[in-house]
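For reference, query_6.txt (compact mmCIF, C-alpha atoms and all ligand atoms):
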# COMPACT_ATOMS: atom_id res chain seq x y z
CA MET A 1 -23.74 23.58 -8.07
CA SER A 2 -24.99 20.03 -8.19
CA GLN A 3 -26.58 17.76 -10.73
CA SER A 4 -28.15 14.35 -10.65
CA ILE A 5 -26.19 11.19 -11.31
CA SER A 6 -25.99 10.83 -15.08
CA LYS A 7 -25.78 7.67 -17.11
CA GLY A 8 -22.07 6.91 -17.34
CA CYS A 9 -19.44 8.28 -15.03
CA PRO A 10 -19.31 12.08 -14.80
CA SER A 11 -16.06 13.79 -15.73
CA PRO A 12 -13.85 14.71 -12.75
CA VAL A 13 -12.73 18.00 -14.31
CA ALA A 14 -14.21 20.48 -16.77
CA TRP A 15 -13.32 23.93 -18.06
CA THR A 16 -16.40 26.14 -17.91
CA GLY A 17 -14.88 29.21 -19.58
CA ARG A 18 -14.60 31.04 -16.26
CA THR A 19 -13.70 28.33 -13.79
CA VAL A 20 -12.24 24.86 -13.43
CA ARG A 21 -15.20 22.74 -12.32
CA LEU A 22 -14.31 19.70 -10.24
CA LEU A 23 -16.53 16.84 -9.23
CA ASP A 24 -16.01 16.68 -5.47
CA GLN A 25 -14.84 13.08 -5.05
CA ARG A 26 -14.69 13.31 -1.26
CA TRP A 27 -18.46 12.82 -1.00
CA LEU A 28 -19.06 10.19 -3.69
CA PRO A 29 -21.07 8.10 -4.09
CA GLY A 30 -23.43 9.57 -1.50
CA ARG A 31 -23.47 13.11 -2.86
CA GLU A 32 -22.65 14.31 -6.36
CA CYS A 33 -21.58 17.93 -6.07
CA TYR A 34 -19.14 20.22 -7.82
CA VAL A 35 -16.54 22.79 -6.79
CA ASP A 36 -15.91 25.75 -9.10
CA CYS A 37 -12.31 27.01 -8.83
CA ASP A 38 -11.68 30.52 -10.12
CA SER A 39 -8.03 30.91 -9.14
CA VAL A 40 -4.80 28.93 -9.09
CA ASP A 41 -4.89 28.86 -5.29
CA ALA A 42 -8.38 27.35 -5.35
CA VAL A 43 -7.25 24.69 -7.84
CA ALA A 44 -4.15 23.86 -5.78
CA ASP A 45 -6.24 23.64 -2.59
CA ALA A 46 -8.71 21.32 -4.33
CA ILE A 47 -5.90 19.03 -5.46
CA GLN A 48 -4.36 19.05 -2.00
CA SER A 49 -7.63 18.31 -0.23
CA MET A 50 -8.56 15.42 -2.58
CA VAL A 51 -11.56 17.09 -4.24
CA VAL A 52 -9.89 15.70 -7.36
CA ARG A 53 -7.41 12.86 -7.24
CA GLY A 54 -5.79 10.25 -9.46
CA ALA A 55 -2.51 11.07 -11.18
CA PRO A 56 -3.78 11.84 -14.72
CA ALA A 57 -6.85 13.72 -13.44
CA ILE A 58 -4.73 16.03 -11.28
CA GLY A 59 -2.45 16.59 -14.30
CA VAL A 60 -5.44 17.71 -16.38
CA THR A 61 -6.71 19.83 -13.47
CA ALA A 62 -3.34 21.57 -13.08
CA ALA A 63 -3.27 22.27 -16.83
CA TYR A 64 -6.64 24.03 -16.59
CA GLY A 65 -5.37 25.78 -13.45
CA LEU A 66 -2.62 27.30 -15.59
CA ALA A 67 -5.26 28.36 -18.11
CA LEU A 68 -6.85 30.35 -15.26
CA ALA A 69 -3.49 31.91 -14.44
CA ALA A 70 -2.83 32.80 -18.10
CA ARG A 71 -6.27 34.41 -18.34
CA ASP A 72 -5.44 36.66 -15.37
CA SER A 73 -1.93 37.68 -16.46
CA ASP A 74 0.30 37.33 -19.51
CA ASP A 75 3.46 37.54 -17.42
CA LEU A 76 5.51 34.36 -17.86
CA GLU A 77 7.06 34.66 -14.39
CA ALA A 78 3.56 34.78 -12.86
CA LEU A 79 2.70 31.65 -14.83
CA ALA A 80 5.85 29.89 -13.59
CA GLN A 81 4.92 30.88 -10.03
CA ALA A 82 1.43 29.42 -10.54
CA GLY A 83 3.08 26.25 -11.82
CA ARG A 84 5.19 25.97 -8.66
CA ARG A 85 2.11 26.44 -6.48
CA LEU A 86 0.24 23.70 -8.34
CA LYS A 87 3.17 21.28 -8.28
CA SER A 88 3.53 21.60 -4.52
CA ALA A 89 -0.10 20.50 -3.98
CA ARG A 90 0.69 16.79 -4.52
CA PRO A 91 4.33 16.25 -5.37
CA THR A 92 4.64 12.46 -5.78
CA ALA A 93 2.33 11.89 -8.76
CA VAL A 94 4.43 12.90 -11.72
CA ASN A 95 1.60 13.77 -14.15
CA LEU A 96 0.97 17.02 -12.31
CA GLY A 97 4.56 18.24 -12.74
CA TRP A 98 4.65 16.85 -16.27
CA ALA A 99 1.55 18.81 -17.33
CA VAL A 100 2.81 22.04 -15.74
CA ASP A 101 6.27 21.71 -17.34
CA ARG A 102 4.77 20.86 -20.73
CA ILE A 103 2.68 24.03 -20.71
CA LEU A 104 5.47 26.25 -19.38
CA LEU A 105 7.80 24.97 -22.10
CA ARG A 106 5.21 25.63 -24.82
CA CYS A 107 4.62 29.13 -23.43
CA ARG A 108 8.00 30.27 -24.65
CA ASP A 109 6.66 30.19 -28.24
CA LEU A 110 3.08 31.19 -27.57
CA GLN A 111 1.55 34.35 -29.02
CA GLN A 112 -1.91 34.47 -27.41
CA LEU A 113 -1.00 33.19 -23.95
CA ALA A 114 -4.49 32.66 -22.53
CA ASP A 115 -5.92 30.98 -25.64
CA ASP A 116 -2.85 28.89 -26.33
CA VAL A 117 -2.51 27.59 -22.76
CA LEU A 118 -6.14 26.52 -22.93
CA VAL A 119 -5.52 24.70 -26.23
CA GLU A 120 -2.59 22.87 -24.64
CA ALA A 121 -4.66 21.95 -21.57
CA ARG A 122 -7.38 20.53 -23.80
CA ALA A 123 -4.72 18.57 -25.71
CA ILE A 124 -3.41 17.06 -22.45
CA GLU A 125 -6.95 15.97 -21.58
CA SER A 126 -7.77 14.42 -24.96
CA GLU A 127 -4.39 12.69 -25.24
CA ASP A 128 -4.97 11.07 -21.86
CA LEU A 129 -8.34 9.71 -22.96
CA ARG A 130 -6.80 8.28 -26.15
CA ALA A 131 -3.91 6.78 -24.16
CA ASN A 132 -6.34 5.01 -21.83
CA HIS A 133 -8.12 3.28 -24.69
CA ALA A 134 -4.81 2.28 -26.29
CA MET A 135 -3.49 0.89 -22.99
CA ALA A 136 -6.64 -1.14 -22.45
CA ARG A 137 -6.23 -2.79 -25.85
CA HIS A 138 -2.51 -3.53 -25.30
CA ALA A 139 -3.18 -4.91 -21.83
CA ALA A 140 -6.05 -7.15 -22.91
CA GLU A 141 -3.76 -8.74 -25.51
CA CYS A 142 -1.40 -9.85 -22.70
CA LEU A 143 -4.19 -11.75 -20.96
CA GLN A 144 -5.67 -15.00 -22.24
CA GLY A 145 -9.22 -16.32 -21.90
CA THR A 146 -11.46 -15.32 -19.02
CA VAL A 147 -9.59 -13.14 -16.56
CA ASN A 148 -10.18 -12.73 -12.82
CA VAL A 149 -8.83 -9.43 -11.59
CA TYR A 150 -7.87 -7.88 -8.26
CA THR A 151 -7.59 -4.10 -8.40
CA HIS A 152 -6.76 -1.36 -5.93
CA CYS A 153 -7.70 2.29 -5.35
CA ASN A 154 -9.61 4.05 -8.13
CA THR A 155 -8.03 4.13 -11.56
CA GLY A 156 -11.12 4.76 -13.65
CA SER A 157 -12.83 7.72 -15.30
CA LEU A 158 -12.70 9.61 -12.01
CA ALA A 159 -8.90 9.35 -11.86
CA THR A 160 -8.21 10.23 -15.49
CA ALA A 161 -9.62 12.09 -18.49
CA GLY A 162 -11.98 9.12 -18.91
CA PHE A 163 -12.15 5.31 -19.21
CA GLY A 164 -9.24 4.74 -16.85
CA THR A 165 -5.88 3.02 -16.61
CA ALA A 166 -6.23 -0.29 -14.71
CA LEU A 167 -10.01 0.11 -14.72
CA GLY A 168 -9.87 0.72 -18.45
CA VAL A 169 -8.46 -2.80 -18.77
CA VAL A 170 -11.34 -4.14 -16.68
CA ARG A 171 -13.77 -2.30 -18.99
CA GLN A 172 -12.00 -3.66 -22.06
CA LEU A 173 -12.15 -7.26 -20.78
CA HIS A 174 -15.83 -6.77 -19.98
CA ALA A 175 -16.48 -5.45 -23.50
CA GLU A 176 -14.70 -8.51 -24.93
CA GLY A 177 -16.80 -10.84 -22.77
CA ARG A 178 -13.67 -12.09 -20.98
CA LEU A 179 -14.08 -10.56 -17.53
CA GLY A 180 -14.47 -13.06 -14.72
CA GLN A 181 -14.62 -11.75 -11.17
CA VAL A 182 -13.29 -8.33 -10.19
CA PHE A 183 -12.11 -7.93 -6.61
CA VAL A 184 -11.88 -4.33 -5.45
CA GLY A 185 -9.77 -3.55 -2.39
CA GLU A 186 -11.46 -0.89 -0.25
CA THR A 187 -8.22 1.20 -0.12
CA ARG A 188 -7.86 2.71 3.31
CA PRO A 189 -7.87 5.46 4.41
CA TRP A 190 -9.80 7.32 1.66
CA LEU A 191 -11.71 4.25 0.46
CA GLN A 192 -11.25 5.03 -3.21
CA GLY A 193 -11.97 1.37 -4.00
CA ALA A 194 -15.14 1.07 -1.93
CA ARG A 195 -16.55 4.49 -2.80
CA LEU A 196 -15.35 5.28 -6.31
CA THR A 197 -14.36 2.09 -8.12
CA ALA A 198 -17.44 0.18 -6.98
CA TRP A 199 -19.64 3.13 -8.06
CA GLU A 200 -18.02 3.46 -11.48
CA LEU A 201 -18.19 -0.24 -12.23
CA ALA A 202 -21.84 -0.45 -11.21
CA MET A 203 -22.64 2.26 -13.76
CA ASP A 204 -21.13 0.03 -16.45
CA GLY A 205 -23.13 -2.99 -15.30
CA ILE A 206 -20.03 -4.66 -13.83
CA GLU A 207 -20.56 -6.18 -10.40
CA PRO A 208 -17.35 -6.12 -8.39
CA THR A 209 -16.68 -7.96 -5.15
CA LEU A 210 -15.53 -5.51 -2.49
CA VAL A 211 -12.98 -6.73 0.05
CA VAL A 212 -11.14 -5.11 2.94
CA ASP A 213 -7.50 -4.57 2.03
CA SER A 214 -6.38 -7.20 4.51
CA ALA A 215 -8.44 -9.89 2.70
CA ALA A 216 -6.18 -9.78 -0.36
CA ALA A 217 -3.95 -12.68 0.70
CA SER A 218 -6.91 -14.99 1.40
CA VAL A 219 -8.62 -14.09 -1.85
CA MET A 220 -5.47 -14.83 -3.81
CA ARG A 221 -4.90 -18.07 -1.96
CA SER A 222 -8.44 -19.19 -2.79
CA GLY A 223 -7.53 -19.27 -6.49
CA ALA A 224 -10.13 -16.64 -7.41
CA VAL A 225 -7.61 -14.19 -8.93
CA ASP A 226 -5.42 -14.45 -12.06
CA VAL A 227 -3.86 -11.02 -12.16
CA VAL A 228 -3.47 -7.91 -10.01
CA ILE A 229 -3.97 -4.80 -12.15
CA THR A 230 -3.16 -1.34 -10.78
CA GLY A 231 -2.37 2.12 -12.06
CA ALA A 232 0.68 4.16 -11.07
CA ASP A 233 1.45 7.63 -9.85
CA ARG A 234 5.05 7.46 -11.05
CA VAL A 235 7.09 4.86 -12.89
CA THR A 236 10.86 5.25 -12.76
CA ALA A 237 13.28 4.54 -15.61
CA ASP A 238 14.03 1.10 -14.18
CA GLY A 239 10.34 0.29 -13.89
CA ASP A 240 9.84 0.76 -10.14
CA VAL A 241 6.21 1.72 -9.50
CA LEU A 242 4.95 4.32 -7.05
CA ASN A 243 1.26 3.85 -6.48
CA LYS A 244 -1.39 3.96 -3.78
CA ILE A 245 -0.22 2.56 -0.45
CA GLY A 246 -0.92 -1.17 -0.47
CA THR A 247 0.21 -1.79 -4.05
CA TYR A 248 3.56 -3.15 -2.89
CA SER A 249 1.82 -5.61 -0.56
CA LEU A 250 -0.37 -6.78 -3.46
CA ALA A 251 2.70 -7.28 -5.67
CA VAL A 252 4.43 -9.35 -2.96
CA LEU A 253 1.28 -11.41 -2.47
CA ALA A 254 0.81 -11.92 -6.20
CA ARG A 255 4.36 -13.21 -6.55
CA HIS A 256 3.93 -15.51 -3.54
CA HIS A 257 0.77 -17.01 -5.03
CA GLY A 258 2.16 -17.34 -8.56
CA LEU A 259 -0.11 -14.60 -9.98
CA ARG A 260 0.76 -11.86 -12.44
CA MET A 261 1.20 -8.18 -11.60
CA MET A 262 0.25 -5.65 -14.28
CA VAL A 263 0.73 -1.88 -14.01
CA VAL A 264 -1.13 0.33 -16.46
CA ALA A 265 0.05 3.93 -16.83
CA PRO A 266 0.38 6.47 -19.63
CA THR A 267 3.84 7.77 -20.58
CA SER A 268 2.93 11.01 -18.76
CA THR A 269 3.34 8.94 -15.56
CA VAL A 270 6.81 7.74 -16.54
CA ASP A 271 9.67 9.68 -14.96
CA LEU A 272 12.79 8.90 -16.96
CA ASP A 273 14.78 11.43 -14.89
CA THR A 274 14.54 9.13 -11.89
CA THR A 275 16.24 5.76 -12.04
CA SER A 276 14.71 4.04 -9.06
CA ALA A 277 12.10 4.57 -6.36
CA SER A 278 14.73 5.11 -3.67
CA GLU A 279 15.30 8.61 -5.10
CA ILE A 280 11.71 9.71 -4.51
CA GLU A 281 10.28 11.20 -1.35
CA ILE A 282 6.77 9.87 -0.81
CA GLU A 283 4.21 12.41 0.40
CA GLN A 284 2.62 11.89 3.81
CA ARG A 285 -0.91 12.97 4.67
CA PRO A 286 -2.48 14.13 7.94
CA ALA A 287 -2.69 11.71 10.88
CA GLU A 288 -6.43 12.38 11.17
CA GLU A 289 -7.07 10.40 7.98
CA VAL A 290 -6.04 7.26 9.87
CA ALA A 291 -6.86 8.11 13.48
CA ALA A 292 -10.44 9.15 12.73
CA TRP A 293 -13.25 7.68 10.68
CA ASN A 294 -16.06 9.72 9.18
CA GLY A 295 -15.13 12.67 11.38
CA GLN A 296 -15.20 10.49 14.50
CA ARG A 297 -11.95 9.87 16.38
CA VAL A 298 -11.24 6.12 16.69
CA ALA A 299 -7.61 6.05 17.87
CA PRO A 300 -6.40 7.55 21.17
CA GLN A 301 -5.53 11.24 21.18
CA GLY A 302 -1.86 11.92 20.56
CA ILE A 303 -1.14 8.61 18.86
CA THR A 304 1.76 8.60 16.41
CA VAL A 305 0.52 7.88 12.90
CA TYR A 306 2.53 6.98 9.80
CA ASN A 307 0.38 7.81 6.76
CA PRO A 308 2.29 7.57 3.48
CA VAL A 309 0.00 8.06 0.47
CA PHE A 310 1.97 5.80 -1.85
CA ASP A 311 4.44 2.95 -1.71
CA ALA A 312 7.14 1.73 -4.06
CA THR A 313 6.92 -1.63 -5.80
CA PRO A 314 10.32 -2.75 -7.06
CA TYR A 315 10.37 -3.56 -10.76
CA ALA A 316 11.30 -7.19 -10.08
CA LEU A 317 7.76 -7.77 -8.79
CA VAL A 318 6.09 -6.30 -11.89
CA ASP A 319 5.34 -8.53 -14.88
CA TRP A 320 4.00 -5.94 -17.30
CA ILE A 321 4.03 -2.17 -17.49
CA VAL A 322 1.48 -1.16 -20.09
CA THR A 323 1.65 2.31 -21.65
CA GLU A 324 -0.10 3.70 -24.72
CA GLN A 325 3.12 2.99 -26.62
CA GLY A 326 3.14 -0.70 -25.81
CA VAL A 327 3.98 -3.26 -23.15
CA PHE A 328 7.26 -3.27 -21.23
CA ARG A 329 8.76 -5.89 -19.01
CA PRO A 330 10.92 -4.25 -16.37
CA PRO A 331 13.71 -3.29 -16.07
CA ALA A 332 12.22 -1.06 -18.69
CA ALA A 333 14.49 1.90 -19.43
O1 LIG A 401 -4.34 9.37 -3.64
P1 LIG A 401 -5.00 9.14 -4.96
O2 LIG A 401 -6.44 8.77 -4.85
O3 LIG A 401 -4.75 10.29 -5.91
O4 LIG A 401 -4.27 7.89 -5.56
C1 LIG A 401 -4.59 7.44 -6.84
C2 LIG A 401 -3.77 6.28 -7.24
O5 LIG A 401 -2.88 5.86 -6.53
C3 LIG A 401 -4.02 5.70 -8.58
O6 LIG A 401 -3.75 4.34 -8.56
C4 LIG A 401 -3.08 6.39 -9.55
O7 LIG A 401 -3.31 7.76 -9.59
C5 LIG A 401 -3.03 5.90 -10.91
S1 LIG A 401 -4.49 5.49 -11.73
C6 LIG A 401 -5.08 6.72 -12.60
Whole structure given in structure tokens:
Amino acid sequence: MSQSISKGCPSPVAWTGRTVRLLDQRWLPGRECYVDCDSVDAVADAIQSMVVRGAPAIGVTAAYGLALAARDSDDLEALAQAGRRLKSARPTAVNLGWAVDRILLRCRDLQQLADDVLVEARAIESEDLRANHAMARHAAECLQGTVNVYTHCNTGSLATAGFGTALGVVRQLHAEGRLGQVFVGETRPWLQGARLTAWELAMDGIEPTLVVDSAAASVMRSGAVDVVITGADRVTADGDVLNKIGTYSLAVLARHHGLRMMVVAPTSTVDLDTTSASEIEIEQRPAEEVAAWNGQRVAPQGITVYNPVFDATPYALVDWIVTEQGVFRPPAA
């Protein structure tokens, strides 16, 4: 199914009553089309293949995936098995595991499994939207006057239940009339910055400046940036930040140039069971994502590729971690 580009950013995930409908982010902004998932396997495959991405959005998607499983069977072991399948689709981003565990825990007391799992999934979605607005307000209070931002990957409505984490702060500053320039790193290899963030911002009437990732140092040196604002896929108890590959480089560059580094993430992204990033295995993705471009091979056949999806920024390089509960300065436990 497809529909025309609506005013405002379309939702990345929706429950249709029979399926989990996902906006296929792999083809944006060129093509706006949807994938209807009618089984847990289809939802897990969609998460794995990046139809839907962004830590909170995949958490919401997994929650609706469990609603599909609960509709098909009221056996708790089958639901736990579905949870394991979903968690394995993208293991680093903690929101996915958090959403699955939250629902499985609630299931122990549930009477009408299918209905109650759906209610919980809807709650996860609406809480995320509320958290994003709260984080944007907290974050904006940390920043004085007109603010020039550098951001990375896509952290907006497409990556969340709506509004966004880091991009929510950009929207908030814009609404307050305090947004200067916004630099958007293209974010190789999936180009979430160039394809998704630029598209979302344009819909809000915000004109970003797109740069290749390797331009970040020059842009910062030019004095055009005040703060780097990113989201996170996992924040450890100490305040180490796992986020899209390239975030660590931006944090190092920000510190070198005397700029601030802000990480915006809901508490569903915080993993208090893990003290520091060294305990986390970062997922790798296929070599083809780097060795080919647009289906066309660009690197020699057989080349060894290292393609980690995320990197770890040590807490010492982070000035603020903003959650819906308030602002933390790491070490944050
Ligand atoms: O690989 P992706 O596109 O799922 O990576 C997304 C990010 O790294 C975001 O910065 C992160 O999920 C947090 S923002 C909602």
**OP:** Kindly compile the residues surrounding ligand LIG 401 (chain A) within 7 Å, counting only C-alpha atoms and all ligand atoms, and format them as a list of chain:residue names.
**Re:**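 The distance check yields A:Arg53, A:Gly54, A:Ala55, A:Pro56, A:His152, A:Cys153, A:Asn154, A:Thr155, A:Gly156, A:Ala159, A:Thr160, A:Gly164, A:Thr165, A:Ala166, A:Gln192, A:Thr230, A:Gly231, A:Ala232, A:Asp233, A:Asn243, A:Lys244, A:Ala265, A:Val309, A:Phe310.
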**OP:** Can you work out which one of A:Glu120, A:Asp128, A:Asp273, A:Glu176 has the shortest atom-to-atom distance to Thr236 (chain A), counting only C-alpha atoms?
**Re:** A:Asp273
Do you know which residues are at most 12 Å from Gly83 (chain A) counting only C-alpha atoms, after dropping those on the same chain fewer than 2 positions away, and could you put them as a compact mmCIF listing (two decimals) with C-alpha atoms, in the coordinates of the input?
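result.txt, freshly written:
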# COMPACT_ATOMS: atom_id res chain seq x y z
CA VAL A 40 -4.80 28.93 -9.09
CA ASP A 41 -4.89 28.86 -5.29
CA VAL A 43 -7.25 24.69 -7.84
CA ALA A 44 -4.15 23.86 -5.78
CA GLY A 59 -2.45 16.59 -14.30
CA THR A 61 -6.71 19.83 -13.47
CA ALA A 62 -3.34 21.57 -13.08
CA ALA A 63 -3.27 22.27 -16.83
CA TYR A 64 -6.64 24.03 -16.59
CA GLY A 65 -5.37 25.78 -13.45
CA LEU A 66 -2.62 27.30 -15.59
CA ALA A 67 -5.26 28.36 -18.11
CA LEU A 68 -6.85 30.35 -15.26
CA ALA A 69 -3.49 31.91 -14.44
CA ALA A 70 -2.83 32.80 -18.10
CA LEU A 76 5.51 34.36 -17.86
CA GLU A 77 7.06 34.66 -14.39
CA ALA A 78 3.56 34.78 -12.86
CA LEU A 79 2.70 31.65 -14.83
CA ALA A 80 5.85 29.89 -13.59
CA GLN A 81 4.92 30.88 -10.03
CA ARG A 85 2.11 26.44 -6.48
CA LEU A 86 0.24 23.70 -8.34
CA LYS A 87 3.17 21.28 -8.28
CA SER A 88 3.53 21.60 -4.52
CA ALA A 89 -0.10 20.50 -3.98
CA PRO A 91 4.33 16.25 -5.37
CA LEU A 96 0.97 17.02 -12.31
CA GLY A 97 4.56 18.24 -12.74
CA TRP A 98 4.65 16.85 -16.27
CA ALA A 99 1.55 18.81 -17.33
CA VAL A 100 2.81 22.04 -15.74
CA ASP A 101 6.27 21.71 -17.34
CA ARG A 102 4.77 20.86 -20.73
CA ILE A 103 2.68 24.03 -20.71
CA LEU A 104 5.47 26.25 -19.38
CA LEU A 105 7.80 24.97 -22.10
Original post:
Near Gly185 (chain A), counting all atoms listed in the file, which residues have an atom at most 7 Å away, once you skip same-chain residues fewer than 4 positions from it, shown as a list in words?
Top reply: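 Near neighbours after the sequence-gap exclusion: Thr151, His152, Cys153, Gly193, Leu210, Val211, Val212 and Asp213 of chain A.
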Subject >> Separation of CA of Val227 (chain A) from CA of His256 (chain A) in Å >> reply: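 Those two atoms sit 12.5 Å apart.
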**OP:** Check the smallest atom-to-atom distance from each of A:Leu179, A:Ala202, A:Thr19, A:Val60 to Glu127 (chain A) using all atoms listed in the file, then report the winner.
**Re:**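 Nearest candidate to Glu127 (chain A) out of A:Leu179, A:Ala202, A:Thr19, A:Val60: A:Val60.
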Original post:
So how far away is CA of Arg130 (chain A) from CA of Asp311 (chain A), in Å?
Top reply: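 Value for the CA of Asp311 (chain A)-CA of Arg130 (chain A) distance: 27.4 Å.
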**OP:** Identify, on the basis of all atoms listed in the file, every residue whose closest approach to Ala292 (chain A) does not exceed 12 Å; exclude the query and any residue fewer than 2 positions from it along the same chain; express the result as a PyMOL selection string.
**Re:** chain A and resi 188-190+286-290+294-303+305
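Across the structure, CA of Val51 (chain A) and CA of Leu250 (chain A) are spaced 26.4 Å apart.
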**OP:** Give me the residues within 8 Å of Val241 (chain A) as a ChimeraX atom specification, counting all atoms listed in the file and dropping any in the same chain fewer than 3 places off.
**Re:** /A:232-236,263,277,312-315
Output file for the selection above: C-alpha atoms, as a CSV table (one decimal), in the frame of the given file:
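What landed in result_24.csv:
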chain,number,residue,atom,x,y,z
A,232,ALA,CA,0.7,4.2,-11.1
A,233,ASP,CA,1.4,7.6,-9.8
A,234,ARG,CA,5.0,7.5,-11.0
A,235,VAL,CA,7.1,4.9,-12.9
A,236,THR,CA,10.9,5.2,-12.8
A,263,VAL,CA,0.7,-1.9,-14.0
A,277,ALA,CA,12.1,4.6,-6.4
A,312,ALA,CA,7.1,1.7,-4.1
A,313,THR,CA,6.9,-1.6,-5.8
A,314,PRO,CA,10.3,-2.8,-7.1
A,315,TYR,CA,10.4,-3.6,-10.8
Subject >> Asp226 (chain A) environment, 10 Å, only C-alpha atoms, sequence neighbours closer than 2 positions dropped, as a VMD selection string >> reply: chain A and resid 143 146 to 150 180 to 181 220 223 to 224 228 to 229 254 257 to 261
Subject >> Selected residue of minimal separation from Ser218 (chain A) among A:Leu201, A:Ala175, A:Leu253, A:Ile124, counting all atoms listed in the file >> reply: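 Smallest distance to Ser218 (chain A) is found for A:Leu253.
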Original post:
Looking at only C-alpha atoms, which of A:Ile245, A:Val327, A:Ala237, A:Val52 is the one that sits closest to Cys37 (chain A)?
Top reply: A:Val52
Subject >> Pick from A:Leu173, A:Ala316, A:Ala134, A:Cys107, whichever lies nearest to Arg255 (chain A) using all atoms listed in the file >> reply: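 Selected residue with least distance to Arg255 (chain A): A:Ala316.
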